[in-house]
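**Q** Shown below is the structure under consideration.
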Amino acid sequence: MQDVLFYLSITVILFTLIPLIRHDFWVFRVFEYPRLQKLVLNLVLLGLNLVYLPRDMFEKVVLVLLMLNLLYLIYQIFPFTIFGKKQIIAAKAPAADRNISLLIANVYQDNRESGSYLKLIKKCNPDVVLMVETNVWWEQQMDVIANEYTYQLKVPLENTYGMIFYSRLALRNGSINYLVKEDIPSIETEVQLKNGQWVKLYCLHPEPPVPQENPRSTARDKEILMVGKNAKDCELPVIVMGDLNDVAWSYTTELFGKISGLLDPRRGRGFFNSFNAKYFFLRFPLDHIFCSADFALLGIKRMESCGSDHFPMFVNLQYNPKVEALNEQPVADKADLELAQEKIDAEPEN
């Protein structure tokens, strides 16, 4: 038993340390995802090691390393618990003419529970709906909401990277962009709030760094950081939403926050793990909505499963320039800017 504990303990410690190697190959990136799972396993192994007391110096060293590893994982996870500091403050007034509610759903292309999504849209009554992994079949199924959501941008594809975007608020300057790869689209548009204020909106769904998709995170990181840089230079309020195929605490997402100045409503409120809806112990926050510091938060909620491997996410924001000084804005230093530019300039493999 003690030999098994020894090797399992070493494995968990290594899984924590591997992401510290800033390499784009998937083996180094994939272990960023299960941070909460690593903490639970670390805690269990620490308890078992204390029950089966170490026999020799090596096992005692591993016990100490497990304790240090636990503290490190708690430190990493703490900002996303309810005890962490909120990056974006809660809105204090309804002020409906300055609100924008957004629903994002990765539908899973082969999923056929379109009716569940129609019921969800009716329940949430969002101003904006973004659905990814949508092909022509999904576009046709969602046509029933076209009369209510008259502003639309659609790029249905059969490669699991299709997007359909609906808005009941007016749009302008809408475009379908292919920022990194010719078969991976993104959406850029401006949406008008009811009080007349225009907001820049970016919608993303980059490739994940997994062997069956792309063995490197280069393309994903490049797309995310390109949008982050554009968001920083934008004079309008900004919202970025989508399935980023990256967890909220990864070094790429944190770098994105620093160079864009955008805020994560999860911080200080919870994990809101949106993937995998089918496996309780394998859940990570992959579906995101970030906003500029001139927004306050009315609500964030993970919605019920609709047959996909992702839970939909619903976020309600309130535009209010007065809260900019109250929100905690991430700031990039010179090293962050240089690293971001290096990743933006990188050429992803085809």
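Lettering and numbering for the structure tokens are positional, with chains as A, B, ... in the shown order, residues counted from 1 in each chain, and ligands counted from 1 in the shown order.
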Compile the contact shell of stretch 16-20 of chain A as a compact mmCIF listing (two decimals) with all heavy atoms, in the first residue's frame: residues with an atom at most 9 Å away, counting only C-alpha atoms, same-chain residues fewer than 6 positions apart removed.

**A**
```
# COMPACT_ATOMS: atom_id res chain seq x y z
N VAL A 27 0.94 18.03 -23.99
CA VAL A 27 1.26 17.35 -22.73
C VAL A 27 1.49 18.36 -21.61
O VAL A 27 1.12 18.13 -20.45
CB VAL A 27 2.52 16.46 -22.91
CG1 VAL A 27 3.01 15.95 -21.56
CG2 VAL A 27 2.21 15.29 -23.84
N PHE A 28 2.06 19.51 -21.94
CA PHE A 28 2.34 20.53 -20.93
C PHE A 28 1.11 21.40 -20.63
O PHE A 28 0.98 21.94 -19.54
CB PHE A 28 3.50 21.41 -21.38
CG PHE A 28 4.77 20.64 -21.63
CD1 PHE A 28 5.14 20.28 -22.91
CD2 PHE A 28 5.58 20.26 -20.57
CE1 PHE A 28 6.30 19.57 -23.14
CE2 PHE A 28 6.75 19.54 -20.79
CZ PHE A 28 7.11 19.19 -22.08
N ARG A 29 0.23 21.52 -21.61
CA ARG A 29 -0.92 22.40 -21.44
C ARG A 29 -2.13 21.70 -20.80
O ARG A 29 -2.90 22.30 -20.08
CB ARG A 29 -1.35 22.98 -22.81
CG ARG A 29 -0.27 23.82 -23.48
CD ARG A 29 -0.22 25.25 -22.95
NE ARG A 29 0.04 25.38 -21.55
CZ ARG A 29 1.25 25.40 -21.00
NH1 ARG A 29 2.31 25.29 -21.75
NH2 ARG A 29 1.39 25.53 -19.71
N VAL A 30 -2.30 20.40 -21.09
CA VAL A 30 -3.51 19.73 -20.64
C VAL A 30 -3.59 19.62 -19.13
O VAL A 30 -4.68 19.61 -18.55
CB VAL A 30 -3.62 18.33 -21.30
CG1 VAL A 30 -2.62 17.35 -20.69
CG2 VAL A 30 -5.04 17.80 -21.21
N PHE A 31 -2.45 19.61 -18.44
CA PHE A 31 -2.48 19.48 -16.98
C PHE A 31 -2.80 20.80 -16.29
O PHE A 31 -2.89 20.85 -15.05
CB PHE A 31 -1.15 18.91 -16.48
CG PHE A 31 -0.96 17.46 -16.85
CD1 PHE A 31 0.00 17.08 -17.78
CD2 PHE A 31 -1.75 16.48 -16.29
CE1 PHE A 31 0.17 15.76 -18.14
CE2 PHE A 31 -1.59 15.14 -16.64
CZ PHE A 31 -0.63 14.78 -17.56
N GLU A 32 -2.97 21.88 -17.06
CA GLU A 32 -3.48 23.12 -16.47
C GLU A 32 -4.96 22.98 -16.11
O GLU A 32 -5.46 23.66 -15.22
CB GLU A 32 -3.33 24.28 -17.46
CG GLU A 32 -1.92 24.75 -17.66
CD GLU A 32 -1.85 25.93 -18.61
OE1 GLU A 32 -2.53 25.91 -19.64
OE2 GLU A 32 -1.10 26.87 -18.30
N ARG A 35 -7.17 21.55 -12.14
CA ARG A 35 -6.57 22.11 -10.92
C ARG A 35 -7.35 21.69 -9.67
O ARG A 35 -6.76 21.30 -8.66
CB ARG A 35 -6.50 23.63 -11.03
CG ARG A 35 -5.65 24.28 -9.98
CD ARG A 35 -5.38 25.73 -10.31
NE ARG A 35 -4.41 25.88 -11.38
CZ ARG A 35 -3.97 27.06 -11.81
NH1 ARG A 35 -4.40 28.18 -11.25
NH2 ARG A 35 -3.09 27.12 -12.79
N LYS A 38 -6.81 17.99 -9.04
CA LYS A 38 -5.49 17.74 -8.44
C LYS A 38 -5.51 18.05 -6.95
O LYS A 38 -4.89 17.34 -6.15
CB LYS A 38 -4.42 18.56 -9.16
CG LYS A 38 -4.05 18.05 -10.53
CD LYS A 38 -2.91 18.81 -11.16
CE LYS A 38 -3.28 20.21 -11.55
NZ LYS A 38 -2.22 20.89 -12.33
N ASN A 69 2.60 21.05 -2.03
CA ASN A 69 1.79 21.01 -3.25
C ASN A 69 0.35 21.42 -2.97
O ASN A 69 -0.28 22.14 -3.75
CB ASN A 69 1.84 19.61 -3.85
CG ASN A 69 1.47 19.58 -5.32
OD1 ASN A 69 2.05 20.30 -6.13
ND2 ASN A 69 0.50 18.77 -5.68
N TYR A 72 0.17 25.13 -2.55
CA TYR A 72 0.31 25.77 -3.85
C TYR A 72 -1.00 25.70 -4.64
O TYR A 72 -1.43 26.69 -5.24
CB TYR A 72 1.43 25.12 -4.63
CG TYR A 72 1.63 25.66 -6.03
CD1 TYR A 72 1.95 27.00 -6.24
CD2 TYR A 72 1.50 24.83 -7.14
CE1 TYR A 72 2.13 27.50 -7.52
CE2 TYR A 72 1.67 25.33 -8.42
CZ TYR A 72 1.99 26.66 -8.60
OH TYR A 72 2.15 27.15 -9.87
N LEU A 73 -1.66 24.54 -4.62
CA LEU A 73 -2.93 24.39 -5.34
C LEU A 73 -4.03 25.25 -4.73
O LEU A 73 -4.84 25.84 -5.44
CB LEU A 73 -3.35 22.91 -5.34
CG LEU A 73 -2.52 21.99 -6.25
CD1 LEU A 73 -2.82 20.54 -5.95
CD2 LEU A 73 -2.79 22.31 -7.72
N SER A 250 -5.59 29.38 -16.50
CA SER A 250 -4.36 29.06 -17.23
C SER A 250 -3.50 30.30 -17.41
O SER A 250 -3.99 31.43 -17.34
CB SER A 250 -4.69 28.47 -18.61
OG SER A 250 -5.01 29.50 -19.52
N TYR A 251 -2.23 30.10 -17.67
CA TYR A 251 -1.36 31.26 -17.83
C TYR A 251 -1.70 32.05 -19.09
O TYR A 251 -1.53 33.26 -19.16
CB TYR A 251 0.12 30.85 -17.78
CG TYR A 251 0.76 30.48 -19.09
CD1 TYR A 251 1.46 31.43 -19.83
CD2 TYR A 251 0.70 29.18 -19.58
CE1 TYR A 251 2.07 31.09 -21.02
CE2 TYR A 251 1.32 28.84 -20.76
CZ TYR A 251 2.01 29.79 -21.49
OH TYR A 251 2.61 29.46 -22.67
```

**Q** Return as a Markdown table the residues of stretch 137-198 of chain A lying at most 12 Å from stretch 103-122 of chain A, together with the closest atom-to-atom pair for each and the distance in Å to one decimal, counting only C-alpha atoms, with rows in chain order and ascending residue number.

**A**
```
| residue | atom | partner | partner_atom | distance |
| --- | --- | --- | --- | --- |
| A:Trp137 | CA | A:Gln109 | CA | 8.9 |
| A:Trp138 | CA | A:Ser114 | CA | 7.4 |
| A:Glu139 | CA | A:Ser114 | CA | 10.1 |
| A:Gln140 | CA | A:Ser114 | CA | 10.0 |
| A:Gln141 | CA | A:Ser114 | CA | 6.5 |
| A:Met142 | CA | A:Leu118 | CA | 7.5 |
| A:Asp143 | CA | A:Leu118 | CA | 10.2 |
| A:Val144 | CA | A:Leu118 | CA | 8.5 |
| A:Ile145 | CA | A:Leu118 | CA | 8.0 |
| A:Ala146 | CA | A:Leu118 | CA | 11.6 |
| A:Glu148 | CA | A:Lys122 | CA | 10.7 |
| A:Tyr149 | CA | A:Ile121 | CA | 10.9 |
| A:Pro156 | CA | A:Gln109 | CA | 10.3 |
| A:Leu157 | CA | A:Gln109 | CA | 9.5 |
| A:Glu158 | CA | A:Gln109 | CA | 8.1 |
| A:Asn159 | CA | A:Gln109 | CA | 8.7 |
| A:Thr160 | CA | A:Gln109 | CA | 6.0 |
| A:Tyr161 | CA | A:Gln109 | CA | 8.9 |
| A:Gly162 | CA | A:Gln109 | CA | 8.8 |
| A:Met163 | CA | A:Asn106 | CA | 9.3 |
| A:Ile164 | CA | A:Ala105 | CA | 10.2 |
| A:Phe165 | CA | A:Ile104 | CA | 9.4 |
| A:Tyr166 | CA | A:Leu103 | CA | 9.9 |
| A:Ser167 | CA | A:Leu103 | CA | 10.4 |
```

**Q** Nearest to A:Gln37 among A:Ala93, A:Leu317, A:Leu282, A:Ile184, with distances taken over only C-alpha atoms: which residue is it?

**A**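 Closest candidate: A:Leu282.
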
**Q** Nearest residue to A:Leu36 out of A:Pro185, A:Pro330, A:Pro312, A:Gly270, using only C-alpha atoms?

**A**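 Smallest distance to A:Leu36 is found for A:Gly270.
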
**Q** Show me, as a count of residues only, the residues that have an atom within 8 Å of stretch 170-177 of chain A when counting only C-alpha atoms, minus same-chain residues fewer than 3 positions from it.

**A** 13

**Q** Report as number ranges by chain all protein, DNA and RNA residues lying within 6 Å of A:Gly268, evaluated on only C-alpha atoms, omitting residues in the same chain fewer than 2 positions from it.

**A** A: 79-82, 84-86

**Q** Could you write out the selected residues, including N, CA, C and O atoms, as a PDB file, in the first residue's frame?

**A**
```pdb
ATOM      1  N   PRO A  79      -8.465  32.449  -5.859  1.00  0.00           N
ATOM      2  CA  PRO A  79      -9.128  33.585  -6.503  1.00  0.00           C
ATOM      3  C   PRO A  79     -10.485  33.249  -7.124  1.00  0.00           C
ATOM      4  O   PRO A  79     -11.308  34.153  -7.338  1.00  0.00           O
ATOM      5  N   PHE A  80     -10.743  31.959  -7.399  1.00  0.00           N
ATOM      6  CA  PHE A  80     -12.003  31.571  -8.035  1.00  0.00           C
ATOM      7  C   PHE A  80     -13.010  31.008  -7.043  1.00  0.00           C
ATOM      8  O   PHE A  80     -14.060  30.507  -7.446  1.00  0.00           O
ATOM      9  N   THR A  81     -12.709  31.106  -5.758  1.00  0.00           N
ATOM     10  CA  THR A  81     -13.662  30.720  -4.730  1.00  0.00           C
ATOM     11  C   THR A  81     -14.431  31.955  -4.266  1.00  0.00           C
ATOM     12  O   THR A  81     -14.078  33.086  -4.594  1.00  0.00           O
ATOM     13  N   ILE A  82     -15.454  31.729  -3.472  1.00  0.00           N
ATOM     14  CA  ILE A  82     -16.252  32.856  -2.966  1.00  0.00           C
ATOM     15  C   ILE A  82     -15.470  33.690  -1.965  1.00  0.00           C
ATOM     16  O   ILE A  82     -15.910  34.772  -1.573  1.00  0.00           O
ATOM     17  N   GLY A  84     -12.302  34.666  -2.625  1.00  0.00           N
ATOM     18  CA  GLY A  84     -11.389  35.500  -3.387  1.00  0.00           C
ATOM     19  C   GLY A  84     -11.960  36.878  -3.667  1.00  0.00           C
ATOM     20  O   GLY A  84     -13.171  37.116  -3.533  1.00  0.00           O
ATOM     21  N   LYS A  85     -11.102  37.795  -4.072  1.00  0.00           N
ATOM     22  CA  LYS A  85     -11.537  39.150  -4.375  1.00  0.00           C
ATOM     23  C   LYS A  85     -12.237  39.191  -5.724  1.00  0.00           C
ATOM     24  O   LYS A  85     -11.760  38.625  -6.707  1.00  0.00           O
ATOM     25  N   LYS A  86     -13.367  39.862  -5.770  1.00  0.00           N
ATOM     26  CA  LYS A  86     -14.129  39.974  -7.018  1.00  0.00           C
ATOM     27  C   LYS A  86     -13.435  40.964  -7.953  1.00  0.00           C
ATOM     28  O   LYS A  86     -13.092  42.071  -7.545  1.00  0.00           O
TER      29      LYS A  86
END
```

**Q** Looking only at the backbone, which of the residues in stretch 18-226 of chain A does DSSP tag as strand (DSSP E), as a VMD selection string?

**A** chain A and resid 99 to 106 128 to 132 151 to 155 163 to 167 171 to 177 186 to 192 198 to 204

**Q** Could you turn the residues from that selection into a file that holds C-alpha atoms, as an mmCIF file, in the first residue's frame?

**A**
```
data_model
loop_
_atom_site.group_PDB
_atom_site.id
_atom_site.type_symbol
_atom_site.label_atom_id
_atom_site.label_comp_id
_atom_site.auth_asym_id
_atom_site.auth_seq_id
_atom_site.Cartn_x
_atom_site.Cartn_y
_atom_site.Cartn_z
ATOM 1 C CA ASN A 99 -28.108 46.070 -19.399
ATOM 2 C CA ILE A 100 -27.017 43.326 -21.765
ATOM 3 C CA SER A 101 -27.698 39.658 -21.085
ATOM 4 C CA LEU A 102 -25.717 37.004 -22.926
ATOM 5 C CA LEU A 103 -26.194 33.274 -23.374
ATOM 6 C CA ILE A 104 -23.363 31.130 -24.698
ATOM 7 C CA ALA A 105 -23.832 27.463 -25.585
ATOM 8 C CA ASN A 106 -21.531 24.901 -27.096
ATOM 9 C CA VAL A 128 -27.607 37.980 -27.254
ATOM 10 C CA VAL A 129 -27.254 34.267 -28.031
ATOM 11 C CA LEU A 130 -24.024 32.640 -29.215
ATOM 12 C CA MET A 131 -24.104 28.972 -30.198
ATOM 13 C CA VAL A 132 -20.947 27.146 -31.250
ATOM 14 C CA TYR A 151 -29.914 40.688 -36.000
ATOM 15 C CA GLN A 152 -27.865 37.655 -36.949
ATOM 16 C CA LEU A 153 -24.379 36.546 -37.941
ATOM 17 C CA LYS A 154 -24.043 32.934 -39.050
ATOM 18 C CA VAL A 155 -21.236 30.689 -40.184
ATOM 19 C CA MET A 163 -21.055 29.645 -35.067
ATOM 20 C CA ILE A 164 -24.514 31.181 -35.086
ATOM 21 C CA PHE A 165 -25.102 34.487 -33.355
ATOM 22 C CA TYR A 166 -28.455 36.121 -32.598
ATOM 23 C CA SER A 167 -29.216 39.516 -31.104
ATOM 24 C CA LEU A 171 -25.723 45.435 -34.633
ATOM 25 C CA ARG A 172 -23.268 47.265 -36.841
ATOM 26 C CA ASN A 173 -19.891 46.494 -38.410
ATOM 27 C CA GLY A 174 -20.452 42.764 -38.066
ATOM 28 C CA SER A 175 -17.904 40.429 -39.625
ATOM 29 C CA ILE A 176 -16.863 36.798 -39.716
ATOM 30 C CA ASN A 177 -13.096 36.614 -39.251
ATOM 31 C CA SER A 186 -14.644 34.111 -35.033
ATOM 32 C CA ILE A 187 -17.215 36.902 -34.902
ATOM 33 C CA GLU A 188 -16.609 40.596 -34.371
ATOM 34 C CA THR A 189 -19.446 43.091 -34.163
ATOM 35 C CA GLU A 190 -20.812 46.095 -32.288
ATOM 36 C CA VAL A 191 -24.083 45.859 -30.382
ATOM 37 C CA GLN A 192 -26.205 48.820 -29.315
ATOM 38 C CA TRP A 198 -22.388 50.830 -28.572
ATOM 39 C CA VAL A 199 -20.389 47.859 -27.250
ATOM 40 C CA LYS A 200 -17.713 45.895 -29.111
ATOM 41 C CA LEU A 201 -18.327 42.146 -29.014
ATOM 42 C CA TYR A 202 -15.898 39.346 -29.909
ATOM 43 C CA CYS A 203 -16.991 35.706 -30.150
ATOM 44 C CA LEU A 204 -14.367 32.944 -30.178
#
```

**Q** If we count only C-alpha atoms and set the cut-off at 7 Å, which residues sit around stretch 292-296 of chain A, ignoring sequence neighbours fewer than 4 positions away in its own chain? Please answer as number ranges by chain.

**A** A: 88-91, 237-239, 261-263, 317-321, 323-324, 327, 329

**Q** Take the residues that were just selected and, keeping C-alpha atoms, output them as a PDB file, in the first residue's frame.

**A**
```pdb
ATOM      1  CA  ILE A  88     -16.025  42.988 -11.173  1.00  0.00           C
ATOM      2  CA  ILE A  89     -18.420  44.469  -8.658  1.00  0.00           C
ATOM      3  CA  ALA A  90     -22.108  43.641  -8.451  1.00  0.00           C
ATOM      4  CA  ALA A  91     -24.571  46.055 -10.020  1.00  0.00           C
ATOM      5  CA  PRO A 237     -16.749  49.031 -24.005  1.00  0.00           C
ATOM      6  CA  VAL A 238     -15.782  45.433 -24.808  1.00  0.00           C
ATOM      7  CA  ILE A 239     -17.194  41.962 -24.216  1.00  0.00           C
ATOM      8  CA  GLY A 261      -7.657  44.744 -19.282  1.00  0.00           C
ATOM      9  CA  LEU A 262     -10.858  42.696 -19.371  1.00  0.00           C
ATOM     10  CA  LEU A 263     -12.462  41.269 -16.244  1.00  0.00           C
ATOM     11  CA  LEU A 317     -23.995  42.805 -17.370  1.00  0.00           C
ATOM     12  CA  GLN A 318     -24.729  46.459 -16.765  1.00  0.00           C
ATOM     13  CA  TYR A 319     -22.816  49.208 -18.527  1.00  0.00           C
ATOM     14  CA  ASN A 320     -21.810  51.885 -16.021  1.00  0.00           C
ATOM     15  CA  PRO A 321     -18.621  53.953 -16.533  1.00  0.00           C
ATOM     16  CA  VAL A 323     -17.745  51.512 -11.692  1.00  0.00           C
ATOM     17  CA  GLU A 324     -14.466  51.526 -13.624  1.00  0.00           C
ATOM     18  CA  ASN A 327     -13.328  47.167 -10.476  1.00  0.00           C
ATOM     19  CA  GLN A 329      -8.289  45.866 -13.456  1.00  0.00           C
TER      20      GLN A 329
END
```

**Q** Using only C-alpha atoms, determine which residues lie at most 8 Å from stretch 300-303 of chain A, disregarding the query and same-chain residues fewer than 4 positions distant; provide the list as a list in words.

**A** Pro265, Arg266, Phe272, Asn273, Ser274, Phe311, Pro312, Met313, Phe314, Val315 and Asn316 of chain A

**Q** With all heavy atoms retained, export the selected residues as a compact mmCIF listing (two decimals), in the first residue's frame.

**A**
```
# COMPACT_ATOMS: atom_id res chain seq x y z
N PRO A 265 -15.88 37.65 -14.55
CA PRO A 265 -16.89 37.67 -13.48
C PRO A 265 -16.85 36.45 -12.58
O PRO A 265 -17.45 36.46 -11.50
CB PRO A 265 -18.22 37.73 -14.26
CG PRO A 265 -17.90 37.23 -15.62
CD PRO A 265 -16.49 37.61 -15.89
N ARG A 266 -16.12 35.39 -12.98
CA ARG A 266 -15.99 34.22 -12.12
C ARG A 266 -15.18 34.52 -10.85
O ARG A 266 -15.43 33.94 -9.80
CB ARG A 266 -15.28 33.09 -12.87
CG ARG A 266 -16.11 32.34 -13.88
CD ARG A 266 -15.28 31.18 -14.39
NE ARG A 266 -16.08 30.28 -15.19
CZ ARG A 266 -16.13 30.30 -16.51
NH1 ARG A 266 -15.43 31.19 -17.17
NH2 ARG A 266 -16.88 29.44 -17.18
N PHE A 272 -17.88 27.78 -11.80
CA PHE A 272 -18.83 27.71 -12.91
C PHE A 272 -18.28 26.80 -14.01
O PHE A 272 -18.17 27.18 -15.17
CB PHE A 272 -19.15 29.10 -13.46
CG PHE A 272 -19.79 30.02 -12.46
CD1 PHE A 272 -19.01 30.88 -11.69
CD2 PHE A 272 -21.15 30.00 -12.24
CE1 PHE A 272 -19.59 31.72 -10.75
CE2 PHE A 272 -21.74 30.83 -11.31
CZ PHE A 272 -20.96 31.69 -10.56
N ASN A 273 -17.94 25.57 -13.63
CA ASN A 273 -17.36 24.62 -14.57
C ASN A 273 -18.39 24.25 -15.64
O ASN A 273 -19.44 23.68 -15.34
CB ASN A 273 -16.91 23.36 -13.84
CG ASN A 273 -15.76 23.62 -12.90
OD1 ASN A 273 -14.89 24.44 -13.18
ND2 ASN A 273 -15.75 22.95 -11.76
N SER A 274 -18.08 24.57 -16.89
CA SER A 274 -19.05 24.37 -17.97
C SER A 274 -18.81 23.11 -18.79
O SER A 274 -19.63 22.74 -19.62
CB SER A 274 -19.03 25.59 -18.89
OG SER A 274 -17.73 25.81 -19.42
N PHE A 311 -22.20 22.71 -20.45
CA PHE A 311 -23.33 23.44 -19.89
C PHE A 311 -23.37 24.83 -20.52
O PHE A 311 -22.32 25.46 -20.71
CB PHE A 311 -23.17 23.63 -18.38
CG PHE A 311 -23.28 22.38 -17.57
CD1 PHE A 311 -22.14 21.73 -17.11
CD2 PHE A 311 -24.52 21.85 -17.24
CE1 PHE A 311 -22.22 20.58 -16.34
CE2 PHE A 311 -24.62 20.69 -16.47
CZ PHE A 311 -23.47 20.05 -16.03
N PRO A 312 -24.55 25.37 -20.84
CA PRO A 312 -24.63 26.77 -21.27
C PRO A 312 -24.30 27.71 -20.12
O PRO A 312 -24.47 27.38 -18.95
CB PRO A 312 -26.10 26.93 -21.70
CG PRO A 312 -26.62 25.53 -21.85
CD PRO A 312 -25.84 24.68 -20.88
N MET A 313 -23.80 28.89 -20.47
CA MET A 313 -23.50 29.93 -19.48
C MET A 313 -24.32 31.17 -19.78
O MET A 313 -24.45 31.58 -20.93
CB MET A 313 -22.02 30.28 -19.50
CG MET A 313 -21.10 29.21 -18.94
SD MET A 313 -21.29 28.96 -17.16
CE MET A 313 -20.85 30.58 -16.53
N PHE A 314 -24.89 31.76 -18.72
CA PHE A 314 -25.71 32.96 -18.85
C PHE A 314 -25.13 34.06 -17.96
O PHE A 314 -24.90 33.85 -16.77
CB PHE A 314 -27.15 32.66 -18.43
CG PHE A 314 -28.08 33.85 -18.53
CD1 PHE A 314 -28.40 34.40 -19.75
CD2 PHE A 314 -28.63 34.39 -17.38
CE1 PHE A 314 -29.28 35.48 -19.84
CE2 PHE A 314 -29.49 35.47 -17.45
CZ PHE A 314 -29.82 36.02 -18.69
N VAL A 315 -24.86 35.20 -18.57
CA VAL A 315 -24.28 36.34 -17.83
C VAL A 315 -25.07 37.60 -18.16
O VAL A 315 -25.42 37.85 -19.31
CB VAL A 315 -22.79 36.54 -18.20
CG1 VAL A 315 -22.24 37.81 -17.54
CG2 VAL A 315 -21.96 35.34 -17.76
N ASN A 316 -25.35 38.37 -17.12
CA ASN A 316 -26.09 39.63 -17.27
C ASN A 316 -25.20 40.77 -16.78
O ASN A 316 -24.78 40.78 -15.62
CB ASN A 316 -27.38 39.57 -16.46
CG ASN A 316 -28.40 40.60 -16.91
OD1 ASN A 316 -28.10 41.47 -17.72
ND2 ASN A 316 -29.61 40.50 -16.39
```

**Q** Considering only C-alpha atoms, can you say which of A:Pro348, A:Gly196, A:Gly299, A:Gly242 comes closest to A:Val180?

**A** A:Pro348

**Q** For atom CA of A:Lys343 and atom CA of A:Thr253, determine how far apart the two atoms are, in Å to one decimal place.

**A**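 Computing it gives 12.7 Å between the two atoms.
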
**Q** Quick one: pick out all helix (DSSP H, G or I) residues within stretch 155-310 of chain A from a backbone DSSP run and write them as a PyMOL selection string.

**A** chain A and resi 218-233+251-260

**Q** Any chance you could export the current selection's N, CA and C atoms as an mmCIF file, in the first residue's frame?

**A**
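Listing of selection.cif after writing:
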```
data_model
loop_
_atom_site.group_PDB
_atom_site.id
_atom_site.type_symbol
_atom_site.label_atom_id
_atom_site.label_comp_id
_atom_site.auth_asym_id
_atom_site.auth_seq_id
_atom_site.Cartn_x
_atom_site.Cartn_y
_atom_site.Cartn_z
ATOM 1 N N THR A 218 -0.470 26.584 -29.757
ATOM 2 C CA THR A 218 0.006 27.799 -30.424
ATOM 3 C C THR A 218 -1.132 28.570 -31.080
ATOM 4 N N ALA A 219 -1.967 27.866 -31.869
ATOM 5 C CA ALA A 219 -3.064 28.530 -32.585
ATOM 6 C C ALA A 219 -4.092 29.104 -31.616
ATOM 7 N N ARG A 220 -4.439 28.320 -30.585
ATOM 8 C CA ARG A 220 -5.403 28.799 -29.597
ATOM 9 C C ARG A 220 -4.902 30.043 -28.885
ATOM 10 N N ASP A 221 -3.661 29.963 -28.398
ATOM 11 C CA ASP A 221 -3.094 31.094 -27.662
ATOM 12 C C ASP A 221 -3.000 32.329 -28.552
ATOM 13 N N LYS A 222 -2.597 32.132 -29.782
ATOM 14 C CA LYS A 222 -2.457 33.252 -30.730
ATOM 15 C C LYS A 222 -3.800 33.955 -30.927
ATOM 16 N N GLU A 223 -4.867 33.184 -31.163
ATOM 17 C CA GLU A 223 -6.179 33.782 -31.401
ATOM 18 C C GLU A 223 -6.685 34.531 -30.177
ATOM 19 N N ILE A 224 -6.559 33.899 -29.009
ATOM 20 C CA ILE A 224 -7.027 34.537 -27.777
ATOM 21 C C ILE A 224 -6.292 35.847 -27.526
ATOM 22 N N LEU A 225 -4.984 35.846 -27.710
ATOM 23 C CA LEU A 225 -4.184 37.031 -27.404
ATOM 24 C C LEU A 225 -4.326 38.110 -28.471
ATOM 25 N N MET A 226 -4.564 37.713 -29.728
ATOM 26 C CA MET A 226 -4.852 38.709 -30.765
ATOM 27 C C MET A 226 -6.105 39.502 -30.404
ATOM 28 N N VAL A 227 -7.132 38.792 -29.966
ATOM 29 C CA VAL A 227 -8.374 39.464 -29.575
ATOM 30 C C VAL A 227 -8.143 40.311 -28.328
ATOM 31 N N GLY A 228 -7.332 39.810 -27.399
ATOM 32 C CA GLY A 228 -7.018 40.594 -26.205
ATOM 33 C C GLY A 228 -6.346 41.909 -26.545
ATOM 34 N N LYS A 229 -5.401 41.875 -27.469
ATOM 35 C CA LYS A 229 -4.702 43.093 -27.883
ATOM 36 C C LYS A 229 -5.662 44.054 -28.575
ATOM 37 N N ASN A 230 -6.534 43.524 -29.447
ATOM 38 C CA ASN A 230 -7.520 44.376 -30.118
ATOM 39 C C ASN A 230 -8.496 44.999 -29.119
ATOM 40 N N ALA A 231 -8.864 44.208 -28.113
ATOM 41 C CA ALA A 231 -9.790 44.715 -27.093
ATOM 42 C C ALA A 231 -9.179 45.877 -26.325
ATOM 43 N N LYS A 232 -7.887 45.771 -26.031
ATOM 44 C CA LYS A 232 -7.208 46.842 -25.297
ATOM 45 C C LYS A 232 -7.195 48.135 -26.095
ATOM 46 N N ASP A 233 -7.069 48.033 -27.416
ATOM 47 C CA ASP A 233 -6.980 49.216 -28.273
ATOM 48 C C ASP A 233 -8.354 49.793 -28.635
ATOM 49 N N TYR A 251 -2.233 30.105 -17.670
ATOM 50 C CA TYR A 251 -1.355 31.261 -17.830
ATOM 51 C C TYR A 251 -1.702 32.046 -19.094
ATOM 52 N N THR A 252 -2.272 31.366 -20.121
ATOM 53 C CA THR A 252 -2.694 32.080 -21.334
ATOM 54 C C THR A 252 -3.891 32.974 -21.045
ATOM 55 N N THR A 253 -4.883 32.447 -20.310
ATOM 56 C CA THR A 253 -6.061 33.247 -19.981
ATOM 57 C C THR A 253 -5.691 34.400 -19.054
ATOM 58 N N GLU A 254 -4.785 34.159 -18.117
ATOM 59 C CA GLU A 254 -4.340 35.247 -17.242
ATOM 60 C C GLU A 254 -3.570 36.303 -18.034
ATOM 61 N N LEU A 255 -2.775 35.866 -18.996
ATOM 62 C CA LEU A 255 -2.057 36.802 -19.857
ATOM 63 C C LEU A 255 -3.041 37.592 -20.707
ATOM 64 N N PHE A 256 -4.072 36.917 -21.200
ATOM 65 C CA PHE A 256 -5.132 37.591 -21.952
ATOM 66 C C PHE A 256 -5.770 38.697 -21.107
ATOM 67 N N GLY A 257 -6.060 38.391 -19.842
ATOM 68 C CA GLY A 257 -6.660 39.390 -18.968
ATOM 69 C C GLY A 257 -5.753 40.593 -18.768
ATOM 70 N N LYS A 258 -4.454 40.338 -18.632
ATOM 71 C CA LYS A 258 -3.512 41.436 -18.398
ATOM 72 C C LYS A 258 -3.389 42.344 -19.617
ATOM 73 N N ILE A 259 -3.245 41.754 -20.807
ATOM 74 C CA ILE A 259 -3.016 42.602 -21.979
ATOM 75 C C ILE A 259 -4.300 43.239 -22.498
ATOM 76 N N SER A 260 -5.444 42.655 -22.178
ATOM 77 C CA SER A 260 -6.722 43.215 -22.639
ATOM 78 C C SER A 260 -7.326 44.179 -21.631
#
```
